[in-house]
$ cat upload.txt   # compact mmCIF, C-alpha atoms and all ligand atoms
# COMPACT_ATOMS: atom_id res chain seq x y z
CA MET B 30 0.00 0.00 0.00
CA GLU B 31 1.26 3.45 -0.93
CA ILE B 32 0.48 6.62 1.00
CA ALA B 33 0.44 9.96 -0.80
CA ARG B 34 0.67 13.07 1.33
CA SER B 35 0.44 15.48 -1.56
CA VAL B 36 -1.67 15.67 -4.69
CA SER B 37 1.31 15.52 -7.04
CA GLU B 38 2.65 12.43 -5.29
CA PHE B 39 -0.82 10.88 -5.49
CA ARG B 40 -1.19 11.60 -9.21
CA ALA B 41 2.11 9.93 -10.01
CA LEU B 42 1.14 6.80 -8.05
CA ARG B 43 -2.44 6.77 -9.37
CA ALA B 44 -1.17 6.68 -12.96
CA ARG B 45 0.33 3.26 -12.29
CA LEU B 46 -2.85 1.63 -10.95
CA ASN B 47 -4.80 -0.88 -12.97
CA GLY B 48 -8.43 -0.01 -13.56
CA PRO B 49 -11.21 -0.03 -12.83
CA VAL B 50 -10.31 2.13 -9.83
CA GLY B 51 -12.71 2.48 -6.88
CA LEU B 52 -12.52 5.48 -4.55
CA VAL B 53 -13.65 5.45 -0.91
CA PRO B 54 -13.69 9.00 0.45
CA THR B 55 -13.48 9.22 4.25
CA MET B 56 -12.67 11.62 7.05
CA GLY B 57 -10.69 8.96 8.91
CA ALA B 58 -11.40 7.53 12.39
CA LEU B 59 -12.20 4.45 10.35
CA HIS B 60 -14.64 1.80 11.56
CA GLU B 61 -16.51 -1.18 10.11
CA GLY B 62 -18.77 1.14 8.12
CA HIS B 63 -15.80 2.53 6.20
CA ARG B 64 -14.30 -0.93 5.90
CA SER B 65 -17.51 -2.26 4.35
CA LEU B 66 -17.16 0.37 1.61
CA MET B 67 -13.54 -0.66 1.02
CA ARG B 68 -14.51 -4.32 0.81
CA ARG B 69 -17.28 -3.58 -1.67
CA ALA B 70 -14.84 -1.53 -3.75
CA ARG B 71 -12.30 -4.33 -3.54
CA ALA B 72 -14.88 -6.83 -4.81
CA GLU B 73 -15.86 -4.63 -7.74
CA CYS B 74 -12.64 -2.88 -8.79
CA ARG B 75 -9.09 -3.86 -9.71
CA SER B 76 -7.62 -1.13 -7.49
CA VAL B 77 -9.00 0.66 -4.45
CA VAL B 78 -8.03 4.17 -3.46
CA ALA B 79 -9.10 5.68 -0.12
CA SER B 80 -8.90 9.30 0.90
CA ILE B 81 -8.54 10.41 4.49
CA PHE B 82 -9.28 14.10 4.76
CA VAL B 83 -11.19 15.99 7.44
CA ASN B 84 -12.83 18.57 5.24
CA PRO B 85 -13.08 21.95 7.00
CA THR B 86 -15.69 23.41 4.63
CA GLN B 87 -18.38 20.91 5.59
CA PHE B 88 -18.26 21.87 9.27
CA GLY B 89 -20.23 24.85 10.59
CA PRO B 90 -18.48 27.46 12.75
CA SER B 91 -19.79 25.95 15.99
CA GLU B 92 -19.23 22.33 14.95
CA ASP B 93 -16.52 19.85 15.87
CA TYR B 94 -13.89 20.34 13.13
CA THR B 95 -10.99 20.81 15.54
CA GLN B 96 -12.12 18.02 17.87
CA TYR B 97 -13.07 15.55 15.12
CA PRO B 98 -11.41 12.21 16.04
CA ARG B 99 -8.14 11.58 14.24
CA SER B 100 -6.36 8.22 14.30
CA GLU B 101 -3.90 8.10 11.43
CA GLU B 102 -1.95 5.02 12.42
CA ALA B 103 -4.98 2.81 13.02
CA ASP B 104 -6.63 4.19 9.85
CA LEU B 105 -3.67 3.24 7.69
CA ALA B 106 -3.60 -0.23 9.23
CA ALA B 107 -7.31 -0.61 8.42
CA CYS B 108 -6.75 0.49 4.81
CA GLN B 109 -3.91 -1.98 4.49
CA GLU B 110 -6.03 -4.80 5.90
CA GLU B 111 -8.82 -4.05 3.45
CA GLY B 112 -6.53 -4.22 0.45
CA VAL B 113 -6.41 -0.51 -0.38
CA ALA B 114 -3.68 0.15 -2.94
CA LEU B 115 -3.22 3.87 -2.44
CA VAL B 116 -4.23 6.31 0.30
CA LEU B 117 -4.60 10.02 -0.30
CA MET B 118 -3.95 12.21 2.75
CA PRO B 119 -3.60 15.71 1.39
CA PRO B 120 -2.85 18.80 3.49
CA VAL B 121 -5.73 21.28 3.85
CA GLU B 122 -3.67 24.03 2.16
CA GLU B 123 -3.38 21.94 -0.96
CA VAL B 124 -7.05 21.02 -1.20
CA TYR B 125 -7.99 24.66 -0.56
CA PRO B 126 -5.24 26.78 -2.10
CA GLU B 127 -4.88 30.32 -0.77
CA GLY B 128 -7.82 32.37 -1.99
CA ALA B 129 -9.79 29.39 -3.39
CA SER B 130 -13.24 30.72 -4.25
CA THR B 131 -14.76 28.20 -6.67
CA THR B 132 -17.34 25.91 -5.09
CA VAL B 133 -20.02 23.42 -6.07
CA SER B 134 -23.45 24.63 -5.09
CA VAL B 135 -26.01 21.90 -4.85
CA GLY B 136 -29.40 23.63 -4.90
CA ASP B 137 -32.68 22.57 -3.32
CA LEU B 138 -31.65 19.07 -2.21
CA ALA B 139 -29.12 20.69 0.08
CA THR B 140 -31.53 23.03 1.87
CA VAL B 141 -33.66 20.52 3.82
CA LEU B 142 -32.95 18.04 6.65
CA GLU B 143 -29.18 18.00 7.26
CA GLY B 144 -28.84 21.04 5.04
CA ALA B 145 -31.37 23.00 7.09
CA SER B 146 -29.62 22.12 10.34
CA ARG B 147 -26.13 22.58 8.88
CA PRO B 148 -26.16 25.51 6.43
CA GLY B 149 -23.39 25.23 3.85
CA HIS B 150 -22.64 21.62 4.79
CA PHE B 151 -23.54 20.04 1.46
CA ASP B 152 -21.83 22.69 -0.64
CA GLY B 153 -18.71 21.84 1.38
CA VAL B 154 -19.26 18.12 0.81
CA ALA B 155 -19.94 18.49 -2.92
CA THR B 156 -16.96 20.78 -3.39
CA VAL B 157 -14.51 18.44 -1.68
CA VAL B 158 -15.91 15.34 -3.40
CA ALA B 159 -15.59 17.08 -6.78
CA LYS B 160 -11.97 17.85 -5.92
CA LEU B 161 -11.36 14.24 -4.82
CA PHE B 162 -12.89 12.97 -8.06
CA HIS B 163 -10.61 15.27 -10.07
CA ILE B 164 -7.57 14.11 -8.16
CA ALA B 165 -8.35 10.39 -8.01
CA GLN B 166 -10.15 9.97 -11.37
CA PRO B 167 -12.07 6.94 -10.08
CA ASP B 168 -14.29 4.75 -12.22
CA ARG B 169 -16.52 4.12 -9.20
CA ALA B 170 -16.93 5.89 -5.86
CA TYR B 171 -18.40 4.29 -2.75
CA PHE B 172 -20.62 6.09 -0.23
CA GLY B 173 -22.66 4.89 2.74
CA GLN B 174 -26.44 4.98 2.94
CA LYS B 175 -25.81 6.09 6.53
CA ASP B 176 -25.46 9.60 5.07
CA ALA B 177 -28.51 9.19 2.83
CA GLN B 178 -28.86 12.83 1.86
CA GLN B 179 -25.14 13.09 1.13
CA LEU B 180 -25.44 10.10 -1.21
CA MET B 181 -28.33 11.82 -3.00
CA VAL B 182 -26.37 15.07 -3.26
CA ILE B 183 -23.35 13.28 -4.76
CA ARG B 184 -25.50 11.40 -7.25
CA ARG B 185 -27.12 14.67 -8.28
CA MET B 186 -23.77 16.43 -8.64
CA VAL B 187 -22.37 13.61 -10.78
CA ARG B 188 -25.44 13.70 -13.00
CA ASP B 189 -25.67 17.48 -13.27
CA LEU B 190 -21.96 18.03 -13.91
CA LEU B 191 -21.55 15.01 -16.20
CA MET B 192 -18.84 13.47 -14.08
CA PRO B 193 -17.64 10.11 -15.45
CA VAL B 194 -17.98 8.30 -12.12
CA GLU B 195 -20.39 5.56 -11.08
CA VAL B 196 -21.66 6.28 -7.57
CA VAL B 197 -22.26 3.15 -5.49
CA GLY B 198 -24.41 3.34 -2.33
CA CYS B 199 -23.64 0.81 0.43
CA PRO B 200 -25.85 -0.38 3.34
CA ILE B 201 -25.61 1.02 6.86
CA VAL B 202 -23.35 -0.97 9.19
CA ARG B 203 -24.57 -1.17 12.80
CA ASP B 204 -23.15 -2.47 16.05
CA GLU B 205 -24.70 -5.47 17.80
CA GLY B 206 -27.21 -3.23 19.59
CA GLY B 207 -28.32 -1.60 16.34
CA LEU B 208 -26.49 1.73 16.69
CA ALA B 209 -25.29 2.92 13.28
CA LEU B 210 -21.51 3.08 13.34
CA SER B 211 -20.13 6.62 13.22
CA SER B 212 -16.82 8.23 14.03
CA ARG B 213 -18.81 10.54 16.31
CA ASN B 214 -20.00 7.61 18.46
CA ALA B 215 -16.62 8.05 20.18
CA TYR B 216 -18.08 11.16 21.85
CA LEU B 217 -20.83 9.15 23.62
CA THR B 218 -20.73 8.25 27.29
CA ASP B 219 -21.96 4.74 28.19
CA GLU B 220 -25.28 6.17 29.31
CA GLU B 221 -25.71 8.20 26.11
CA ARG B 222 -24.75 5.22 23.99
CA SER B 223 -27.35 2.97 25.61
CA GLN B 224 -30.05 5.63 25.23
CA ALA B 225 -28.99 6.18 21.60
CA LEU B 226 -30.12 2.63 20.79
CA ALA B 227 -33.62 4.13 20.82
CA ILE B 228 -32.89 5.60 17.39
CA SER B 229 -32.55 2.30 15.56
CA ARG B 230 -35.28 0.76 17.74
CA GLY B 231 -37.65 3.50 16.60
CA LEU B 232 -36.65 3.01 12.96
CA ARG B 233 -37.23 -0.73 13.25
CA ASN B 234 -40.66 -0.15 14.79
CA ALA B 235 -41.58 2.16 11.93
CA GLU B 236 -40.31 -0.39 9.38
CA GLN B 237 -42.49 -3.03 10.99
CA ALA B 238 -45.51 -0.73 10.90
CA TRP B 239 -44.75 -0.04 7.22
CA ARG B 240 -44.58 -3.77 6.49
CA ASP B 241 -47.89 -4.18 8.34
CA GLY B 242 -49.42 -1.75 5.87
CA LEU B 243 -49.34 1.58 7.71
CA ARG B 244 -49.03 4.41 5.15
CA ASP B 245 -49.90 7.56 7.09
CA ALA B 246 -46.84 9.83 7.21
CA GLU B 247 -47.45 11.25 10.67
CA ARG B 248 -48.03 7.82 12.17
CA LEU B 249 -44.87 6.48 10.55
CA ARG B 250 -42.75 9.27 12.07
CA ALA B 251 -44.34 8.74 15.49
CA PRO B 252 -42.57 5.48 16.51
CA VAL B 253 -39.17 7.07 15.94
CA HIS B 254 -40.06 10.35 17.56
CA ASP B 255 -41.70 8.72 20.59
CA GLU B 256 -38.97 6.15 21.16
CA VAL B 257 -36.22 8.78 21.05
CA ALA B 258 -38.15 11.46 22.95
CA ARG B 259 -38.47 9.00 25.84
CA GLN B 260 -34.71 9.14 26.38
CA PRO B 261 -33.82 11.81 28.94
CA LEU B 262 -30.47 12.63 27.33
CA ALA B 263 -31.83 12.98 23.79
CA ARG B 264 -32.38 16.31 22.10
CA ILE B 265 -34.17 15.70 18.81
CA ASP B 266 -33.13 17.84 15.86
CA TYR B 267 -35.58 16.33 13.39
CA VAL B 268 -37.56 13.21 12.55
CA SER B 269 -38.50 13.31 8.89
CA LEU B 270 -40.39 11.19 6.42
CA ALA B 271 -39.63 12.58 2.99
CA ASP B 272 -39.96 11.55 -0.62
CA ALA B 273 -36.90 9.42 -1.39
CA GLU B 274 -36.24 11.28 -4.64
CA THR B 275 -37.09 14.90 -3.94
CA LEU B 276 -36.85 14.99 -0.14
CA ALA B 277 -40.17 16.84 -0.03
CA GLU B 278 -41.69 16.10 3.38
CA CYS B 279 -44.50 13.52 3.16
CA GLU B 280 -47.99 14.40 4.25
CA GLY B 281 -51.02 12.12 4.49
CA ARG B 282 -50.81 8.83 2.67
CA VAL B 283 -47.35 7.82 1.47
CA GLN B 284 -47.52 6.68 -2.17
CA ARG B 285 -43.84 6.51 -3.17
CA ASP B 286 -40.57 5.31 -1.66
CA ALA B 287 -39.82 7.44 1.38
CA LEU B 288 -36.75 8.22 3.46
CA LEU B 289 -37.38 8.05 7.19
CA SER B 290 -34.49 9.94 8.77
CA VAL B 291 -33.57 11.28 12.14
CA ALA B 292 -30.97 13.55 13.74
CA VAL B 293 -30.53 13.61 17.50
CA HIS B 294 -28.08 15.22 19.87
CA PHE B 295 -26.79 13.10 22.73
CA GLY B 296 -24.37 15.21 24.74
CA ARG B 297 -21.52 16.26 22.44
CA ALA B 298 -22.57 13.89 19.67
CA ARG B 299 -25.02 14.65 16.91
CA LEU B 300 -26.18 11.31 15.52
CA ILE B 301 -28.03 10.61 12.28
CA ASP B 302 -29.71 7.46 11.04
CA ASN B 303 -32.30 6.47 8.47
CA THR B 304 -34.14 3.78 6.61
CA ILE B 305 -35.87 3.72 3.25
CA LEU B 306 -39.48 2.61 3.22
CA LYS B 307 -40.03 1.04 -0.16
CA VAL B 308 -43.43 0.89 -1.77
CA GLN B 309 -42.43 -2.32 -3.54
CA SER B 310 -39.66 -4.43 -2.15
CA SER B 311 -37.04 -5.04 -4.83
P1 LIG J 401 -17.11 9.89 6.99
O1 LIG J 401 -15.72 9.44 7.33
O2 LIG J 401 -18.01 10.02 8.16
O3 LIG J 401 -17.11 11.09 6.07
O4 LIG J 401 -17.73 8.71 6.13
C1 LIG J 401 -17.11 8.24 4.97
C2 LIG J 401 -18.04 7.32 4.24
O5 LIG J 401 -18.36 6.21 5.06
C3 LIG J 401 -19.36 7.99 3.87
O6 LIG J 401 -19.75 7.58 2.56
C4 LIG J 401 -20.30 7.45 4.91
O7 LIG J 401 -21.65 7.41 4.49
C5 LIG J 401 -19.75 6.05 5.10
N1 LIG J 401 -20.18 5.53 6.41
C6 LIG J 401 -20.01 6.11 7.62
N2 LIG J 401 -20.59 5.36 8.58
C7 LIG J 401 -21.14 4.29 7.95
C8 LIG J 401 -21.89 3.15 8.40
N3 LIG J 401 -22.19 2.97 9.68
N4 LIG J 401 -22.30 2.27 7.47
C9 LIG J 401 -22.02 2.45 6.15
N5 LIG J 401 -21.32 3.50 5.68
C10 LIG J 401 -20.88 4.40 6.56

$ encode --input "upload.txt" --output "structure tokens" --more "lines below"
Ligand code: AMP
Amino acid sequence: MEIARSVSEFRALRARLNGPVGLVPTMGALHEGHRSLMRRARAECRSVVASIFVNPTQFGPSEDYTQYPRSEEADLAACQEEGVALVLMPPVEEVYPEGASTTVSVGDLATVLEGASRPGHFDGVATVVAKLFHIAQPDRAYFGQKDAQQLMVIRRMVRDLLMPVEVVGCPIVRDEGGLALSSRNAYLTDEERSQALAISRGLRNAEQAWRDGLRDAERLRAPVHDEVARQPLARIDYVSLADAETLAECEGRVQRDALLSVAVHFGRARLIDNTILKVQSS
């Protein structure tokens, strides 16, 4: 495995890789969720490239950019174990050269849910992913369904800007209790962690109600909201049931595939999770 700490170094090494090349963009603090993306890429591509870059422009001014967990040594070991051929770890100054002013602006998809709670977040994500695509020139790029709206935003960007990359969405990886793995889970105390299991419990209850035929939007949000609201340490940001293509909030009877998503603060951690309620199982 090669490690490139500058873009020029990366480009020279990338030129030698056999295609198809799969890219797994990450912010490090790697866990099984990231590893599942690497394994999928490994299964589908001749060479896998991973990037480890904590992107400052996707963090709001009062968010955790400076405290975001960093674990370079363990991350590189994980990449090596998963068969990554080349790791990109660029310095911030190179990704954002002095005076950089060109950005990718995503539009309406970026204004709701995570975008409403984190203004500017998705423009930061889209901008850095566009840069990573330009640097890495992947044939395929792997993203987790854990960040469902991010996946939609990337797909939209790739379509709108005619980027020659196939975007592959991968299932959410959870711990044995059901908690979706996240680098930010490291912020949780034991008590917060055990209360945070209410999130996936609520989602599972809603999925069951959906399978039993419930279609009323408000009553599908309720199991998640109620389960989480019962936790004394939870502060709910949103519980949403939205059209899975447009992210327009559902009202009344749900007729099309819908994204049930939730964001909750537990202490220092802001956790997100989701499930897609499909009208017809595929
Ligand atoms: P991050 O390092 O948080 O920017 O995440 C990098 C990639 O890993 C993103 O595409 C995430 O959606 C994905 N990811 C993070 N957590 C999980 C998880 N629990 N299951 C699947 N994918 C994940």

$ closest_residue --input "upload.txt" --among "B:Pro193, B:Pro126, B:Gly153, B:Pro200" --to "ligand LIG 401 (chain J)" --atoms "only C-alpha atoms and all ligand atoms"
B:Pro200

$ atom_distance --input "upload.txt" --atom1 "atom CA of B:Val197" --atom2 "atom CA of B:Asn47"
19.4 Å

$ residues_around --input "upload.txt" --residues "B:Thr218" --least-positions-apart "6" --cutoff "12 Å" --atoms "only C-alpha atoms" --output "NGL selection string"
:B and (224-225 or 262 or 295-298)

$ axis_aligned_box --input "upload.txt" --around "ligand LIG 401 (chain J)" --padding-each-side "6 Å" --output "JSON"
{"center_x": -19.0, "center_y": 6.7, "center_z": 6.1, "size_x": 18.6, "size_y": 20.8, "size_z": 19.1}

$ residues_near_ligand --input "upload.txt" --ligand "ligand LIG 401 (chain J)" --cutoff "6 Å" --atoms "all atoms listed in the file" --output "JSON, numbers by chain"
{"B": [54, 55, 56, 57, 62, 63, 172, 173, 174, 175, 176, 200, 201, 202, 203, 209, 210, 211]}

$ residues_around --input "upload.txt" --residues "B:Arg213" --least-positions-apart "3" --cutoff "10 Å" --atoms "only C-alpha atoms" --output "MDAnalysis selection string"
chainID B and resid 58 93 97:98 210 216:217 297:300

$ residues_around --input "upload.txt" --residues "stretch 239-255 of chain B" --least-positions-apart "3" --cutoff "7 Å" --atoms "all atoms listed in the file" --output "ChimeraX atom specification"
/B:228,231-232,234-236,258-259,268-270,279-283

$ atom_distance --input "upload.txt" --atom1 "atom CA of B:Gly198" --atom2 "atom CA of B:Asp286"
16.3 Å

$ atom_distance --input "upload.txt" --atom1 "atom CA of B:Ser290" --atom2 "atom CA of B:Gly149"
19.5 Å

$ decode --input "upload.txt" --residues "stretch 257-270 of chain B" --atoms "all heavy atoms" --output "short mmCIF file (atom, residue, chain, number, x, y, z; two decimals), in the first residue's frame"
data_model
loop_
_atom_site.label_atom_id
_atom_site.label_comp_id
_atom_site.auth_asym_id
_atom_site.auth_seq_id
_atom_site.Cartn_x
_atom_site.Cartn_y
_atom_site.Cartn_z
N VAL B 257 -37.38 7.95 20.74
CA VAL B 257 -36.22 8.78 21.05
C VAL B 257 -36.57 9.82 22.12
O VAL B 257 -35.78 10.06 23.05
CB VAL B 257 -35.67 9.47 19.76
CG1 VAL B 257 -34.51 10.40 20.12
CG2 VAL B 257 -35.22 8.42 18.75
N ALA B 258 -37.75 10.40 22.00
CA ALA B 258 -38.15 11.46 22.95
C ALA B 258 -38.21 10.93 24.38
O ALA B 258 -38.08 11.69 25.35
CB ALA B 258 -39.50 12.05 22.54
N ARG B 259 -38.41 9.63 24.52
CA ARG B 259 -38.47 9.00 25.84
C ARG B 259 -37.12 8.97 26.53
O ARG B 259 -37.03 8.73 27.74
CB ARG B 259 -38.99 7.56 25.65
CG ARG B 259 -39.90 7.08 26.73
CD ARG B 259 -40.51 5.73 26.39
NE ARG B 259 -41.58 5.82 25.42
CZ ARG B 259 -41.77 4.96 24.41
NH1 ARG B 259 -40.98 3.93 24.24
NH2 ARG B 259 -42.78 5.12 23.57
N GLN B 260 -36.06 9.20 25.80
CA GLN B 260 -34.71 9.14 26.38
C GLN B 260 -34.35 10.49 27.00
O GLN B 260 -34.32 11.50 26.29
CB GLN B 260 -33.66 8.78 25.31
CG GLN B 260 -34.03 7.57 24.47
CD GLN B 260 -34.34 6.35 25.33
OE1 GLN B 260 -33.62 6.05 26.27
NE2 GLN B 260 -35.43 5.66 25.01
N PRO B 261 -34.06 10.51 28.29
CA PRO B 261 -33.82 11.81 28.94
C PRO B 261 -32.65 12.59 28.37
O PRO B 261 -32.66 13.82 28.42
CB PRO B 261 -33.53 11.42 30.41
CG PRO B 261 -33.80 9.96 30.55
CD PRO B 261 -34.04 9.37 29.20
N LEU B 262 -31.65 11.91 27.81
CA LEU B 262 -30.47 12.63 27.33
C LEU B 262 -30.57 13.02 25.86
O LEU B 262 -29.64 13.62 25.30
CB LEU B 262 -29.21 11.77 27.55
CG LEU B 262 -28.91 11.40 29.01
CD1 LEU B 262 -27.73 10.44 29.10
CD2 LEU B 262 -28.63 12.66 29.83
N ALA B 263 -31.69 12.69 25.22
CA ALA B 263 -31.83 12.98 23.79
C ALA B 263 -32.37 14.38 23.55
O ALA B 263 -33.27 14.84 24.25
CB ALA B 263 -32.78 11.96 23.16
N ARG B 264 -31.80 15.04 22.57
CA ARG B 264 -32.38 16.31 22.10
C ARG B 264 -32.58 16.15 20.59
O ARG B 264 -31.63 16.12 19.82
CB ARG B 264 -31.44 17.47 22.42
CG ARG B 264 -32.04 18.84 22.16
CD ARG B 264 -31.28 19.93 22.92
NE ARG B 264 -29.87 19.94 22.59
CZ ARG B 264 -29.35 20.51 21.50
NH1 ARG B 264 -30.14 21.12 20.63
NH2 ARG B 264 -28.05 20.49 21.26
N ILE B 265 -33.85 15.99 20.21
CA ILE B 265 -34.17 15.70 18.81
C ILE B 265 -33.97 16.95 17.95
O ILE B 265 -34.44 18.03 18.29
CB ILE B 265 -35.62 15.20 18.67
CG1 ILE B 265 -35.79 13.86 19.39
CG2 ILE B 265 -36.01 15.06 17.19
CD1 ILE B 265 -37.20 13.29 19.36
N ASP B 266 -33.24 16.77 16.85
CA ASP B 266 -33.13 17.84 15.86
C ASP B 266 -34.29 17.72 14.87
O ASP B 266 -35.08 18.64 14.72
CB ASP B 266 -31.75 17.72 15.16
CG ASP B 266 -31.50 18.87 14.21
OD1 ASP B 266 -32.46 19.61 13.90
OD2 ASP B 266 -30.37 19.02 13.73
N TYR B 267 -34.41 16.55 14.23
CA TYR B 267 -35.58 16.33 13.39
C TYR B 267 -35.87 14.84 13.27
O TYR B 267 -34.98 13.99 13.42
CB TYR B 267 -35.42 16.94 11.99
CG TYR B 267 -34.28 16.35 11.17
CD1 TYR B 267 -34.40 15.12 10.51
CD2 TYR B 267 -33.08 17.03 11.05
CE1 TYR B 267 -33.37 14.58 9.77
CE2 TYR B 267 -32.02 16.52 10.30
CZ TYR B 267 -32.17 15.29 9.67
OH TYR B 267 -31.13 14.76 8.95
N VAL B 268 -37.14 14.53 13.02
CA VAL B 268 -37.56 13.21 12.55
C VAL B 268 -38.35 13.48 11.29
O VAL B 268 -39.33 14.22 11.33
CB VAL B 268 -38.44 12.48 13.58
CG1 VAL B 268 -38.96 11.17 13.00
CG2 VAL B 268 -37.68 12.23 14.87
N SER B 269 -37.90 12.95 10.17
CA SER B 269 -38.50 13.31 8.89
C SER B 269 -38.92 12.08 8.12
O SER B 269 -38.23 11.06 8.13
CB SER B 269 -37.46 14.09 8.07
OG SER B 269 -37.76 14.02 6.69
N LEU B 270 -40.04 12.19 7.44
CA LEU B 270 -40.39 11.19 6.42
C LEU B 270 -40.56 11.98 5.13
O LEU B 270 -41.45 12.83 5.03
CB LEU B 270 -41.69 10.46 6.79
CG LEU B 270 -42.03 9.32 5.82
CD1 LEU B 270 -41.05 8.16 5.93
CD2 LEU B 270 -43.45 8.81 6.06
#
